[in-house]
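Next comes protein13.cif, a file with mmCIF, N, CA and C atoms.
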data_coords
loop_
_atom_site.group_PDB
_atom_site.id
_atom_site.type_symbol
_atom_site.label_atom_id
_atom_site.label_comp_id
_atom_site.auth_asym_id
_atom_site.auth_seq_id
_atom_site.Cartn_x
_atom_site.Cartn_y
_atom_site.Cartn_z
ATOM 1 N N MET A 1 48.367 -44.365 -12.201
ATOM 2 C CA MET A 1 47.444 -43.298 -12.466
ATOM 3 C C MET A 1 47.221 -42.508 -11.180
ATOM 4 N N PRO A 2 47.371 -41.187 -11.248
ATOM 5 C CA PRO A 2 47.228 -40.376 -10.035
ATOM 6 C C PRO A 2 45.761 -40.314 -9.593
ATOM 7 N N GLU A 3 45.590 -40.258 -8.314
ATOM 8 C CA GLU A 3 44.230 -40.188 -7.764
ATOM 9 C C GLU A 3 43.755 -38.729 -7.744
ATOM 10 N N ILE A 4 42.583 -38.514 -8.261
ATOM 11 C CA ILE A 4 42.023 -37.153 -8.317
ATOM 12 C C ILE A 4 40.954 -37.033 -7.236
ATOM 13 N N THR A 5 41.093 -36.006 -6.440
ATOM 14 C CA THR A 5 40.086 -35.755 -5.414
ATOM 15 C C THR A 5 39.330 -34.479 -5.778
ATOM 16 N N THR A 6 38.070 -34.553 -5.640
ATOM 17 C CA THR A 6 37.248 -33.374 -5.930
ATOM 18 C C THR A 6 36.480 -32.988 -4.682
ATOM 19 N N LYS A 7 36.353 -31.720 -4.517
ATOM 20 C CA LYS A 7 35.558 -31.192 -3.404
ATOM 21 C C LYS A 7 34.227 -30.712 -3.963
ATOM 22 N N PRO A 8 33.158 -31.036 -3.300
ATOM 23 C CA PRO A 8 31.874 -30.532 -3.792
ATOM 24 C C PRO A 8 31.806 -29.020 -3.617
ATOM 25 N N ARG A 9 31.235 -28.379 -4.603
ATOM 26 C CA ARG A 9 31.084 -26.921 -4.511
ATOM 27 C C ARG A 9 29.890 -26.615 -3.616
ATOM 28 N N THR A 10 30.106 -25.712 -2.735
ATOM 29 C CA THR A 10 29.010 -25.273 -1.878
ATOM 30 C C THR A 10 28.731 -23.815 -2.193
ATOM 31 N N SER A 11 27.539 -23.579 -2.510
ATOM 32 C CA SER A 11 27.167 -22.188 -2.754
ATOM 33 C C SER A 11 26.185 -21.782 -1.671
ATOM 34 N N THR A 12 26.423 -20.635 -1.133
ATOM 35 C CA THR A 12 25.532 -20.137 -0.090
ATOM 36 C C THR A 12 24.727 -18.984 -0.661
ATOM 37 N N LYS A 13 23.461 -19.105 -0.498
ATOM 38 C CA LYS A 13 22.582 -18.024 -0.924
ATOM 39 C C LYS A 13 22.299 -17.157 0.295
ATOM 40 N N PRO A 14 22.501 -15.870 0.154
ATOM 41 C CA PRO A 14 22.205 -15.008 1.298
ATOM 42 C C PRO A 14 20.701 -14.987 1.559
ATOM 43 N N LYS A 15 20.354 -15.067 2.807
ATOM 44 C CA LYS A 15 18.932 -14.991 3.157
ATOM 45 C C LYS A 15 18.519 -13.531 3.164
ATOM 46 N N VAL A 16 17.524 -13.252 2.384
ATOM 47 C CA VAL A 16 17.031 -11.883 2.285
ATOM 48 C C VAL A 16 15.715 -11.818 3.035
ATOM 49 N N GLU A 17 15.677 -10.960 4.020
ATOM 50 C CA GLU A 17 14.433 -10.790 4.780
ATOM 51 C C GLU A 17 13.484 -9.900 4.012
ATOM 52 N N ARG A 18 12.221 -10.197 4.167
ATOM 53 C CA ARG A 18 11.211 -9.322 3.584
ATOM 54 C C ARG A 18 11.216 -8.019 4.373
ATOM 55 N N PRO A 19 10.990 -6.911 3.698
ATOM 56 C CA PRO A 19 10.969 -5.641 4.431
ATOM 57 C C PRO A 19 9.805 -5.597 5.416
ATOM 58 N N LYS A 20 10.018 -4.913 6.508
ATOM 59 C CA LYS A 20 8.954 -4.748 7.503
ATOM 60 C C LYS A 20 7.843 -3.900 6.877
ATOM 61 N N LEU A 21 6.620 -4.254 7.206
ATOM 62 C CA LEU A 21 5.474 -3.535 6.656
ATOM 63 C C LEU A 21 4.889 -2.581 7.691
ATOM 64 N N TYR A 22 4.337 -1.498 7.190
ATOM 65 C CA TYR A 22 3.741 -0.467 8.043
ATOM 66 C C TYR A 22 2.313 -0.184 7.612
ATOM 67 N N LYS A 23 1.456 0.030 8.611
ATOM 68 C CA LYS A 23 0.054 0.359 8.354
ATOM 69 C C LYS A 23 -0.096 1.867 8.236
ATOM 70 N N VAL A 24 -0.886 2.305 7.275
ATOM 71 C CA VAL A 24 -1.278 3.716 7.188
ATOM 72 C C VAL A 24 -2.650 3.804 7.839
ATOM 73 N N ILE A 25 -2.771 4.679 8.830
ATOM 74 C CA ILE A 25 -3.984 4.759 9.633
ATOM 75 C C ILE A 25 -4.625 6.140 9.487
ATOM 76 N N LEU A 26 -5.925 6.136 9.206
ATOM 77 C CA LEU A 26 -6.714 7.368 9.149
ATOM 78 C C LEU A 26 -7.252 7.640 10.550
ATOM 79 N N VAL A 27 -6.976 8.840 11.049
ATOM 80 C CA VAL A 27 -7.449 9.241 12.376
ATOM 81 C C VAL A 27 -8.651 10.159 12.196
ATOM 82 N N ASN A 28 -9.744 9.827 12.868
ATOM 83 C CA ASN A 28 -10.978 10.605 12.742
ATOM 84 C C ASN A 28 -10.853 11.971 13.422
ATOM 85 N N ASP A 29 -11.500 12.947 12.831
ATOM 86 C CA ASP A 29 -11.661 14.250 13.483
ATOM 87 C C ASP A 29 -13.083 14.722 13.191
ATOM 88 N N ASP A 30 -13.538 15.730 13.937
ATOM 89 C CA ASP A 30 -14.924 16.190 13.804
ATOM 90 C C ASP A 30 -15.076 17.386 12.870
ATOM 91 N N PHE A 31 -14.020 17.740 12.144
ATOM 92 C CA PHE A 31 -14.070 18.957 11.345
ATOM 93 C C PHE A 31 -13.913 18.736 9.847
ATOM 94 N N THR A 32 -13.168 17.729 9.443
ATOM 95 C CA THR A 32 -12.939 17.480 8.017
ATOM 96 C C THR A 32 -14.193 16.878 7.390
ATOM 97 N N PRO A 33 -14.691 17.488 6.310
ATOM 98 C CA PRO A 33 -15.896 16.952 5.660
ATOM 99 C C PRO A 33 -15.666 15.536 5.121
ATOM 100 N N ARG A 34 -16.689 14.723 5.225
ATOM 101 C CA ARG A 34 -16.593 13.330 4.793
ATOM 102 C C ARG A 34 -16.244 13.224 3.312
ATOM 103 N N GLU A 35 -16.823 14.085 2.505
ATOM 104 C CA GLU A 35 -16.572 14.046 1.066
ATOM 105 C C GLU A 35 -15.104 14.312 0.764
ATOM 106 N N PHE A 36 -14.499 15.215 1.541
ATOM 107 C CA PHE A 36 -13.083 15.528 1.331
ATOM 108 C C PHE A 36 -12.209 14.331 1.709
ATOM 109 N N VAL A 37 -12.537 13.660 2.801
ATOM 110 C CA VAL A 37 -11.776 12.473 3.231
ATOM 111 C C VAL A 37 -11.848 11.400 2.148
ATOM 112 N N VAL A 38 -13.031 11.176 1.606
ATOM 113 C CA VAL A 38 -13.209 10.188 0.537
ATOM 114 C C VAL A 38 -12.376 10.584 -0.683
ATOM 115 N N ALA A 39 -12.373 11.854 -1.028
ATOM 116 C CA ALA A 39 -11.602 12.323 -2.189
ATOM 117 C C ALA A 39 -10.101 12.101 -1.990
ATOM 118 N N VAL A 40 -9.600 12.366 -0.785
ATOM 119 C CA VAL A 40 -8.174 12.154 -0.496
ATOM 120 C C VAL A 40 -7.838 10.665 -0.556
ATOM 121 N N LEU A 41 -8.691 9.833 0.009
ATOM 122 C CA LEU A 41 -8.451 8.389 -0.028
ATOM 123 C C LEU A 41 -8.421 7.872 -1.467
ATOM 124 N N LYS A 42 -9.318 8.363 -2.294
ATOM 125 C CA LYS A 42 -9.350 7.938 -3.690
ATOM 126 C C LYS A 42 -8.104 8.414 -4.436
ATOM 127 N N ALA A 43 -7.703 9.647 -4.189
ATOM 128 C CA ALA A 43 -6.574 10.221 -4.920
ATOM 129 C C ALA A 43 -5.232 9.625 -4.484
ATOM 130 N N GLU A 44 -5.002 9.549 -3.206
ATOM 131 C CA GLU A 44 -3.685 9.125 -2.707
ATOM 132 C C GLU A 44 -3.516 7.615 -2.658
ATOM 133 N N PHE A 45 -4.589 6.909 -2.323
ATOM 134 C CA PHE A 45 -4.472 5.464 -2.134
ATOM 135 C C PHE A 45 -5.115 4.664 -3.262
ATOM 136 N N LYS A 46 -5.602 5.359 -4.290
ATOM 137 C CA LYS A 46 -6.180 4.705 -5.467
ATOM 138 C C LYS A 46 -7.311 3.744 -5.098
ATOM 139 N N LEU A 47 -8.163 4.182 -4.181
ATOM 140 C CA LEU A 47 -9.298 3.366 -3.758
ATOM 141 C C LEU A 47 -10.524 3.705 -4.591
ATOM 142 N N SER A 48 -11.450 2.767 -4.658
ATOM 143 C CA SER A 48 -12.717 3.039 -5.338
ATOM 144 C C SER A 48 -13.570 3.915 -4.416
ATOM 145 N N GLU A 49 -14.626 4.457 -4.966
ATOM 146 C CA GLU A 49 -15.546 5.289 -4.171
ATOM 147 C C GLU A 49 -16.092 4.503 -2.986
ATOM 148 N N ASP A 50 -16.486 3.259 -3.232
ATOM 149 C CA ASP A 50 -17.062 2.416 -2.188
ATOM 150 C C ASP A 50 -16.034 2.084 -1.099
ATOM 151 N N GLN A 51 -14.821 1.713 -1.505
ATOM 152 C CA GLN A 51 -13.771 1.392 -0.525
ATOM 153 C C GLN A 51 -13.441 2.614 0.325
ATOM 154 N N ALA A 52 -13.287 3.760 -0.317
ATOM 155 C CA ALA A 52 -12.946 4.992 0.403
ATOM 156 C C ALA A 52 -14.055 5.360 1.393
ATOM 157 N N HIS A 53 -15.298 5.201 0.974
ATOM 158 C CA HIS A 53 -16.424 5.535 1.844
ATOM 159 C C HIS A 53 -16.451 4.606 3.064
ATOM 160 N N ARG A 54 -16.218 3.299 2.847
ATOM 161 C CA ARG A 54 -16.221 2.351 3.969
ATOM 162 C C ARG A 54 -15.097 2.658 4.968
ATOM 163 N N ILE A 55 -13.925 3.007 4.470
ATOM 164 C CA ILE A 55 -12.808 3.342 5.364
ATOM 165 C C ILE A 55 -13.130 4.605 6.155
ATOM 166 N N MET A 56 -13.687 5.602 5.488
ATOM 167 C CA MET A 56 -14.040 6.857 6.165
ATOM 168 C C MET A 56 -15.082 6.610 7.251
ATOM 169 N N ILE A 57 -16.103 5.810 6.961
ATOM 170 C CA ILE A 57 -17.150 5.515 7.951
ATOM 171 C C ILE A 57 -16.578 4.716 9.128
ATOM 172 N N THR A 58 -15.712 3.757 8.851
ATOM 173 C CA THR A 58 -15.090 2.975 9.927
ATOM 174 C C THR A 58 -14.275 3.873 10.842
ATOM 175 N N ALA A 59 -13.497 4.781 10.258
ATOM 176 C CA ALA A 59 -12.719 5.721 11.078
ATOM 177 C C ALA A 59 -13.645 6.626 11.883
ATOM 178 N N HIS A 60 -14.752 7.031 11.274
ATOM 179 C CA HIS A 60 -15.706 7.895 11.968
ATOM 180 C C HIS A 60 -16.310 7.187 13.179
ATOM 181 N N ARG A 61 -16.642 5.913 13.024
ATOM 182 C CA ARG A 61 -17.283 5.162 14.109
ATOM 183 C C ARG A 61 -16.301 4.699 15.178
ATOM 184 N N ARG A 62 -15.115 4.281 14.772
ATOM 185 C CA ARG A 62 -14.156 3.703 15.723
ATOM 186 C C ARG A 62 -13.042 4.655 16.154
ATOM 187 N N GLY A 63 -12.903 5.756 15.454
ATOM 188 C CA GLY A 63 -11.845 6.713 15.806
ATOM 189 C C GLY A 63 -10.625 6.599 14.912
ATOM 190 N N VAL A 64 -10.320 5.394 14.461
ATOM 191 C CA VAL A 64 -9.203 5.159 13.541
ATOM 192 C C VAL A 64 -9.563 4.011 12.603
ATOM 193 N N CYS A 65 -8.856 3.943 11.475
ATOM 194 C CA CYS A 65 -9.061 2.834 10.540
ATOM 195 C C CYS A 65 -7.789 2.639 9.724
ATOM 196 N N VAL A 66 -7.381 1.392 9.550
ATOM 197 C CA VAL A 66 -6.230 1.094 8.703
ATOM 198 C C VAL A 66 -6.653 1.268 7.249
ATOM 199 N N VAL A 67 -5.903 2.073 6.524
ATOM 200 C CA VAL A 67 -6.208 2.340 5.122
ATOM 201 C C VAL A 67 -5.527 1.300 4.236
ATOM 202 N N ALA A 68 -4.232 1.095 4.461
ATOM 203 C CA ALA A 68 -3.462 0.163 3.629
ATOM 204 C C ALA A 68 -2.172 -0.192 4.347
ATOM 205 N N VAL A 69 -1.458 -1.182 3.811
ATOM 206 C CA VAL A 69 -0.184 -1.623 4.383
ATOM 207 C C VAL A 69 0.870 -1.574 3.279
ATOM 208 N N PHE A 70 1.998 -0.914 3.599
ATOM 209 C CA PHE A 70 3.081 -0.741 2.639
ATOM 210 C C PHE A 70 4.424 -0.924 3.338
ATOM 211 N N THR A 71 5.493 -0.855 2.552
ATOM 212 C CA THR A 71 6.818 -0.779 3.161
ATOM 213 C C THR A 71 6.919 0.582 3.848
ATOM 214 N N ARG A 72 7.898 0.722 4.708
ATOM 215 C CA ARG A 72 7.990 1.931 5.543
ATOM 216 C C ARG A 72 8.040 3.228 4.734
ATOM 217 N N ASP A 73 8.905 3.282 3.733
ATOM 218 C CA ASP A 73 9.046 4.515 2.949
ATOM 219 C C ASP A 73 7.751 4.893 2.242
ATOM 220 N N VAL A 74 7.122 3.916 1.632
ATOM 221 C CA VAL A 74 5.876 4.186 0.908
ATOM 222 C C VAL A 74 4.778 4.615 1.879
ATOM 223 N N ALA A 75 4.666 3.909 3.007
ATOM 224 C CA ALA A 75 3.632 4.237 3.993
ATOM 225 C C ALA A 75 3.807 5.657 4.525
ATOM 226 N N GLU A 76 5.024 6.011 4.876
ATOM 227 C CA GLU A 76 5.267 7.356 5.429
ATOM 228 C C GLU A 76 5.021 8.437 4.385
ATOM 229 N N THR A 77 5.401 8.172 3.153
ATOM 230 C CA THR A 77 5.188 9.155 2.085
ATOM 231 C C THR A 77 3.702 9.368 1.830
ATOM 232 N N LYS A 78 2.949 8.283 1.714
ATOM 233 C CA LYS A 78 1.513 8.402 1.448
ATOM 234 C C LYS A 78 0.789 9.073 2.612
ATOM 235 N N ALA A 79 1.159 8.716 3.844
ATOM 236 C CA ALA A 79 0.532 9.335 5.016
ATOM 237 C C ALA A 79 0.821 10.837 5.045
ATOM 238 N N ALA A 80 2.048 11.206 4.755
ATOM 239 C CA ALA A 80 2.421 12.626 4.771
ATOM 240 C C ALA A 80 1.697 13.393 3.664
ATOM 241 N N ARG A 81 1.625 12.826 2.476
ATOM 242 C CA ARG A 81 0.946 13.511 1.369
ATOM 243 C C ARG A 81 -0.547 13.668 1.630
ATOM 244 N N ALA A 82 -1.169 12.636 2.205
ATOM 245 C CA ALA A 82 -2.598 12.714 2.505
ATOM 246 C C ALA A 82 -2.863 13.742 3.610
ATOM 247 N N THR A 83 -2.009 13.771 4.629
ATOM 248 C CA THR A 83 -2.148 14.757 5.707
ATOM 249 C C THR A 83 -1.937 16.170 5.162
ATOM 250 N N ASP A 84 -0.950 16.333 4.288
ATOM 251 C CA ASP A 84 -0.675 17.643 3.698
ATOM 252 C C ASP A 84 -1.834 18.128 2.824
ATOM 253 N N ALA A 85 -2.530 17.204 2.176
ATOM 254 C CA ALA A 85 -3.694 17.595 1.366
ATOM 255 C C ALA A 85 -4.761 18.215 2.260
ATOM 256 N N GLY A 86 -4.946 17.664 3.454
ATOM 257 C CA GLY A 86 -5.903 18.238 4.400
ATOM 258 C C GLY A 86 -5.455 19.596 4.901
ATOM 259 N N LYS A 87 -4.175 19.708 5.222
ATOM 260 C CA LYS A 87 -3.645 20.989 5.719
ATOM 261 C C LYS A 87 -3.765 22.078 4.663
ATOM 262 N N ALA A 88 -3.562 21.708 3.405
ATOM 263 C CA ALA A 88 -3.649 22.687 2.314
ATOM 264 C C ALA A 88 -5.044 23.287 2.216
ATOM 265 N N LYS A 89 -6.056 22.520 2.599
ATOM 266 C CA LYS A 89 -7.436 23.012 2.575
ATOM 267 C C LYS A 89 -7.882 23.546 3.932
ATOM 268 N N GLY A 90 -6.984 23.508 4.930
ATOM 269 C CA GLY A 90 -7.310 24.041 6.250
ATOM 270 C C GLY A 90 -8.023 23.061 7.168
ATOM 271 N N TYR A 91 -7.936 21.767 6.867
ATOM 272 C CA TYR A 91 -8.584 20.744 7.693
ATOM 273 C C TYR A 91 -7.553 20.016 8.556
ATOM 274 N N PRO A 92 -7.978 19.534 9.720
ATOM 275 C CA PRO A 92 -7.050 18.802 10.595
ATOM 276 C C PRO A 92 -6.957 17.305 10.254
ATOM 277 N N LEU A 93 -7.162 16.954 8.996
ATOM 278 C CA LEU A 93 -7.095 15.564 8.548
ATOM 279 C C LEU A 93 -5.721 14.986 8.883
ATOM 280 N N MET A 94 -5.706 13.770 9.489
ATOM 281 C CA MET A 94 -4.419 13.203 9.881
ATOM 282 C C MET A 94 -4.342 11.716 9.565
ATOM 283 N N PHE A 95 -3.224 11.353 8.972
ATOM 284 C CA PHE A 95 -2.877 9.956 8.720
ATOM 285 C C PHE A 95 -1.579 9.679 9.451
ATOM 286 N N THR A 96 -1.481 8.508 10.080
ATOM 287 C CA THR A 96 -0.265 8.121 10.777
ATOM 288 C C THR A 96 0.191 6.769 10.243
ATOM 289 N N THR A 97 1.385 6.363 10.663
ATOM 290 C CA THR A 97 1.887 5.038 10.310
ATOM 291 C C THR A 97 2.345 4.328 11.566
ATOM 292 N N GLU A 98 2.256 3.018 11.540
ATOM 293 C CA GLU A 98 2.794 2.207 12.626
ATOM 294 C C GLU A 98 3.171 0.842 12.081
ATOM 295 N N PRO A 99 4.149 0.190 12.701
ATOM 296 C CA PRO A 99 4.581 -1.119 12.196
ATOM 297 C C PRO A 99 3.463 -2.148 12.288
ATOM 298 N N GLU A 100 3.416 -3.012 11.298
ATOM 299 C CA GLU A 100 2.447 -4.098 11.336
ATOM 300 C C GLU A 100 3.025 -5.211 12.206
ATOM 301 N N GLU A 101 2.169 -5.840 12.976
ATOM 302 C CA GLU A 101 2.665 -6.860 13.908
ATOM 303 C C GLU A 101 2.714 -8.222 13.277
#

How does this structure look as structure tokens?
Amino acid sequence: MPEITTKPRTSTKPKVERPKLYKVILVNDDFTPREFVVAVLKAEFKLSEDQAHRIMITAHRRGVCVVAVFTRDVAETKAARATDAGKAKGYPLMFTTEPEE
């Protein structure tokens, strides 16, 4: 009887890294009305009235405040749309993004 040799099958699963996350940051200015900032936060980031108000006040007191954390494309898109909403009304409202550590 012939001897049968078998090799164990090895399957390699590729390691998939999680995408890098980016923070969307609200930068305070002295000209954009608070109500408008709250409205933009609610519209673009789907925040409640209370959450939007707390973020706006934190940015007002500290100069900046992290609004949310997303993947790079989403963070940059939301920051750009929120900044553009301010520019459309003539306000210097600014949102930036930076990598999360």

Taking 3 positions as the minimum chain separation for residues in the same chain, which residues sit within 7 Å of Val64 (chain A) when counting all atoms listed in the file? Answer as a short mmCIF file (atom, residue, chain, number, x, y, z; two decimals) with N, CA and C atoms, in the coordinates of the input.
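For reference, result.cif as written:
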data_model
loop_
_atom_site.label_atom_id
_atom_site.label_comp_id
_atom_site.auth_asym_id
_atom_site.auth_seq_id
_atom_site.Cartn_x
_atom_site.Cartn_y
_atom_site.Cartn_z
N ILE A 25 -2.77 4.68 8.83
CA ILE A 25 -3.98 4.76 9.63
C ILE A 25 -4.62 6.14 9.49
N LEU A 26 -5.92 6.14 9.21
CA LEU A 26 -6.71 7.37 9.15
C LEU A 26 -7.25 7.64 10.55
N VAL A 27 -6.98 8.84 11.05
CA VAL A 27 -7.45 9.24 12.38
C VAL A 27 -8.65 10.16 12.20
N ASN A 28 -9.74 9.83 12.87
CA ASN A 28 -10.98 10.60 12.74
C ASN A 28 -10.85 11.97 13.42
N THR A 58 -15.71 3.76 8.85
CA THR A 58 -15.09 2.98 9.93
C THR A 58 -14.28 3.87 10.84
N ALA A 59 -13.50 4.78 10.26
CA ALA A 59 -12.72 5.72 11.08
C ALA A 59 -13.64 6.63 11.88
N HIS A 60 -14.75 7.03 11.27
CA HIS A 60 -15.71 7.90 11.97
C HIS A 60 -16.31 7.19 13.18
N ARG A 61 -16.64 5.91 13.02
CA ARG A 61 -17.28 5.16 14.11
C ARG A 61 -16.30 4.70 15.18
#

For this session: Mind listing the strand (DSSP E or B) residues of region 13-92 of chain A, per DSSP on the backbone, as a ChimeraX atom specification?
Result: /A:21-27,64-71

Exercise. Taking all atoms listed in the file into account, which of A:Lys89, A:Lys78, A:His53, A:Lys13 comes nearest Ala39 (chain A)?
Worked result: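 Closest residue, counting all atoms listed in the file: A:His53.
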
For this session: Name the residues in contact with Asp73 (chain A) at a cut-off of 8 Å, using all atoms listed in the file, excluding same-chain residues fewer than 6 positions from it; report them as a ChimeraX atom specification.
Result: /A:20,22,79

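With only C-alpha atoms as the atoms that count, the residue of A:Lys15, A:Arg34, A:Arg54, A:Lys7 with the shortest distance to Leu93 (chain A) is A:Arg34.
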
For this session: Please provide the set of residues having any atom within 12 Å of Thr71 (chain A), restricted to only C-alpha atoms, with same-chain residues fewer than 2 positions apart removed, written as a ChimeraX atom specification.
Result: /A:18-24,68-69,73-78,97-100

For this session: Return as number ranges by chain the full set of residues in chain A whose backbone-based DSSP assignment is helix (DSSP H, G or I).
Result: A: 34-45, 49-62, 72-88

For this session: State, in Å with one decimal place, the distance from CA of Val67 (chain A) to CA of Ile55 (chain A).
Result: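 Result for CA of Val67 (chain A) versus CA of Ile55 (chain A): 6.7 Å, one decimal.
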